[in-house]
>>> print(open('model_3.cif').read())   # mmCIF, C-alpha atoms (C1' of nucleotides)
data_input
loop_
_atom_site.label_atom_id
_atom_site.label_comp_id
_atom_site.auth_asym_id
_atom_site.auth_seq_id
_atom_site.Cartn_x
_atom_site.Cartn_y
_atom_site.Cartn_z
CA MET A 284 2.67 -30.78 24.52
CA ALA A 285 3.59 -28.33 27.15
CA ALA A 286 5.24 -25.87 24.85
CA ALA A 287 2.17 -24.45 23.19
CA THR A 288 3.92 -21.25 22.40
CA THR A 289 2.89 -21.50 18.76
CA LYS A 290 4.68 -18.40 17.74
CA LYS A 291 2.66 -17.99 14.61
CA THR A 292 2.37 -14.27 15.01
CA ALA A 293 5.84 -13.73 16.32
CA ARG A 294 6.18 -9.99 16.22
CA LYS A 295 9.17 -9.73 13.95
CA LYS A 296 9.83 -6.42 12.38
CA LYS A 297 11.05 -7.16 8.93
CA ASP A 298 10.58 -3.70 7.47
CA PRO A 299 12.64 -0.75 8.66
CA ASN A 300 9.70 1.57 9.13
CA ALA A 301 7.29 -1.31 9.42
CA PRO A 302 4.20 0.38 8.00
CA LYS A 303 2.31 -2.40 9.64
CA ARG A 304 -0.66 -3.70 7.75
CA SER A 305 -4.25 -2.76 7.19
CA LEU A 306 -7.19 -4.19 9.04
CA SER A 307 -9.21 -7.05 7.63
CA ALA A 308 -12.88 -7.11 6.78
CA TYR A 309 -13.17 -9.50 9.67
CA MET A 310 -11.79 -6.90 12.02
CA PHE A 311 -14.57 -4.50 11.14
CA PHE A 312 -17.10 -7.26 11.14
CA ALA A 313 -15.88 -8.42 14.49
CA ASN A 314 -16.28 -4.90 15.77
CA GLU A 315 -19.99 -5.16 15.19
CA GLN A 316 -20.37 -8.80 16.08
CA ARG A 317 -18.56 -8.25 19.32
CA ASP A 318 -21.49 -6.06 20.26
CA ILE A 319 -24.18 -8.23 18.75
CA VAL A 320 -22.95 -11.75 19.40
CA ARG A 321 -21.91 -10.94 22.90
CA ALA A 322 -25.19 -9.11 23.47
CA GLU A 323 -27.13 -12.18 22.42
CA ASN A 324 -24.75 -14.47 24.25
CA PRO A 325 -24.01 -12.77 27.55
CA GLY A 326 -21.06 -14.46 29.15
CA ILE A 327 -20.14 -16.36 26.00
CA ALA A 328 -16.58 -17.59 26.05
CA PHE A 329 -14.09 -16.42 23.50
CA GLY A 330 -13.64 -20.04 22.39
CA GLN A 331 -17.28 -20.20 21.34
CA ILE A 332 -17.59 -16.66 20.04
CA GLY A 333 -14.55 -17.01 17.81
CA LYS A 334 -15.92 -20.04 16.00
CA LEU A 335 -19.47 -18.77 16.06
CA LEU A 336 -18.34 -15.50 14.59
CA GLY A 337 -16.44 -17.13 11.78
CA GLU A 338 -19.47 -19.17 10.83
CA LYS A 339 -21.73 -16.15 10.81
CA TRP A 340 -19.12 -14.11 9.01
CA LYS A 341 -19.25 -16.38 6.00
CA ALA A 342 -22.95 -16.85 6.51
CA LEU A 343 -23.29 -13.22 5.56
CA ASP A 344 -24.02 -12.35 1.99
CA GLU A 345 -21.78 -10.28 -0.18
CA ALA A 346 -23.85 -7.30 0.78
CA GLY A 347 -23.29 -8.29 4.37
CA LYS A 348 -19.54 -8.17 4.03
CA ALA A 349 -19.81 -5.13 1.80
CA PRO A 350 -19.72 -2.61 4.66
CA TYR A 351 -16.88 -4.50 6.30
CA GLU A 352 -14.98 -4.92 3.07
CA ALA A 353 -15.53 -1.26 2.37
CA LYS A 354 -13.91 -0.46 5.67
CA ALA A 355 -11.09 -2.84 4.90
CA GLU A 356 -10.55 -0.96 1.69
CA ALA A 357 -10.46 2.36 3.43
CA ASP A 358 -8.09 0.95 6.00
CA LYS A 359 -5.88 -0.42 3.29
CA LYS A 360 -5.62 3.05 1.86
CA ARG A 361 -4.57 4.14 5.29
CA TYR A 362 -1.79 1.62 5.11
CA GLU A 363 -0.90 2.78 1.66
CA LEU A 364 -0.24 6.17 3.09
CA GLU A 365 2.04 4.74 5.73
CA LYS A 366 3.77 2.64 3.15
CA SER A 367 4.22 5.72 1.02
CA GLU A 368 6.17 7.33 3.78
CA TYR A 369 7.94 4.14 4.58
CA THR A 370 9.04 3.52 1.03
CA LYS A 371 10.05 7.10 0.63
CA SER A 372 12.02 7.07 3.81
CA GLN A 373 13.56 3.80 2.83
CA ALA A 374 14.72 5.03 -0.58
"C1'" DA B 274 6.88 -12.99 -14.17
"C1'" DC B 275 5.00 -15.79 -10.65
"C1'" DT B 276 4.67 -17.86 -6.28
"C1'" DA B 277 5.02 -18.37 -1.35
"C1'" DT B 278 5.70 -16.45 2.93
"C1'" DG B 279 5.47 -13.71 6.46
"C1'" DA B 280 3.86 -10.19 9.15
"C1'" DT B 281 -0.19 -7.79 10.66
"C1'" DT B 282 -5.14 -6.47 12.04
"C1'" DG B 283 -8.96 -6.84 15.81
"C1'" DT B 284 -12.39 -9.49 18.91
"C1'" DT B 285 -13.16 -12.33 23.15
"C1'" DG B 286 -11.72 -13.92 28.09
"C1'" DG B 287 -8.64 -15.56 31.68
"C1'" DG B 288 -3.79 -16.99 34.34
"C1'" DC C 213 0.67 -8.88 29.18
"C1'" DC C 214 -0.06 -12.43 25.85
"C1'" DC C 215 -2.25 -16.31 23.60
"C1'" DA C 216 -5.10 -18.79 20.88
"C1'" DA C 217 -9.25 -19.68 16.93
"C1'" DC C 218 -11.59 -16.86 13.46
"C1'" DA C 219 -10.85 -14.48 8.72
"C1'" DA C 220 -8.77 -11.39 5.51
"C1'" DT C 221 -4.86 -8.98 3.75
"C1'" DC C 222 -1.74 -8.09 0.67
"C1'" DA C 223 2.97 -6.06 0.38
"C1'" DT C 224 7.40 -7.85 0.31
"C1'" DA C 225 10.88 -10.92 -0.73
"C1'" DG C 226 12.76 -14.76 -3.27
"C1'" DT C 227 13.22 -18.03 -7.28
#
>>> encode(input="model_3.cif", output="structure tokens")
Amino acid sequence: MAAATTKKTARKKKDPNAPKRSLSAYMFFANEQRDIVRAENPGIAFGQIGKLLGEKWKALDEAGKAPYEAKAEADKKRYELEKSEYTKSQA
DNA sequence: ACTATGATTGTTGGG
DNA sequence: CCCAACAATCATAGT
């Protein structure tokens, strides 16, 4: 299997203005974990961190995700704004 | 109306 | 520079 291109996230602009998307709770969570996990695991490889993070992510309680979800919400609003322009411009 | 998809978001670390 | 697991997202299009 040489061709491991796996173009899952093939950057394909489908929208004219492409308001992009909003971040995910994971993105905010990762922002903190990146500091924590990596701090506790100095020199940890991305392969391990990725999986380890995911496990911990779900290991968190609702309250744990709360701050991250909250950020995701705020970010979504950010996207809404972009979309607003995008839709307007599109019309 | 509903569903399914696609595109995107950000992290890590190295060839 | 880009990729890949990891998770969420969630707006849009299509039927």
>>> residues_around(input="model_3.cif", residues="Gly326 (chain A)", least_positions_apart="4", cutoff="12 Å", atoms="all atoms listed in the file", output="PyMOL selection string")
(chain A and resi 317+320-322+330-332) or (chain B and resi 285-286)
>>> closest_atom_pairs(input="model_3.cif", of="chain A", to="chain B", cutoff="9 Å", atoms="all atoms listed in the file", output="tab-separated table")
residue	atom	partner	partner_atom	distance
A:Thr292	CA	B:DA280	C1'	7.3
A:Ala293	CA	B:DA280	C1'	8.2
A:Arg294	CA	B:DA280	C1'	7.4
A:Lys295	CA	B:DA280	C1'	7.2
A:Lys296	CA	B:DA280	C1'	7.8
A:Lys297	CA	B:DA280	C1'	7.8
A:Lys303	CA	B:DT281	C1'	6.0
A:Arg304	CA	B:DT281	C1'	5.0
A:Ser305	CA	B:DT282	C1'	6.2
A:Leu306	CA	B:DT282	C1'	4.3
A:Ser307	CA	B:DT282	C1'	6.0
A:Tyr309	CA	B:DG283	C1'	7.9
A:Met310	CA	B:DG283	C1'	4.7
A:Phe311	CA	B:DG283	C1'	7.7
A:Ala313	CA	B:DT284	C1'	5.7
A:Asn314	CA	B:DT284	C1'	6.8
A:Gln316	CA	B:DT284	C1'	8.5
A:Arg317	CA	B:DT284	C1'	6.3
A:Arg321	CA	B:DT285	C1'	8.9
A:Ile327	CA	B:DT285	C1'	8.5
A:Ala328	CA	B:DG286	C1'	6.4
A:Phe329	CA	B:DT285	C1'	4.2
A:Gly330	CA	B:DT285	C1'	7.8
A:Ile332	CA	B:DT285	C1'	6.9
A:Gly333	CA	B:DT285	C1'	7.2
>>> closest_atom_pairs(input="model_3.cif", of="chain C", to="chain A", cutoff="9 Å", atoms="only C-alpha atoms (C1' of nucleotides)", output="Markdown table")
| residue | atom | partner | partner_atom | distance |
| --- | --- | --- | --- | --- |
| C:DC215 | C1' | A:Thr288 | CA | 8.0 |
| C:DA216 | C1' | A:Thr289 | CA | 8.7 |
| C:DA217 | C1' | A:Gly333 | CA | 6.0 |
| C:DC218 | C1' | A:Gly337 | CA | 5.1 |
| C:DA219 | C1' | A:Tyr309 | CA | 5.6 |
| C:DA220 | C1' | A:Ser307 | CA | 4.9 |
| C:DT221 | C1' | A:Ser307 | CA | 6.1 |
| C:DC222 | C1' | A:Arg304 | CA | 8.4 |
| C:DA223 | C1' | A:Arg304 | CA | 8.5 |
| C:DT224 | C1' | A:Asp298 | CA | 8.9 |
>>> atom_distance(input="model_3.cif", atom1="CA of Glu365 (chain A)", atom2="CA of Pro302 (chain A)")
5.4 Å
>>> atom_distance(input="model_3.cif", atom1="CA of Lys360 (chain A)", atom2="CA of Lys348 (chain A)")
18.0 Å
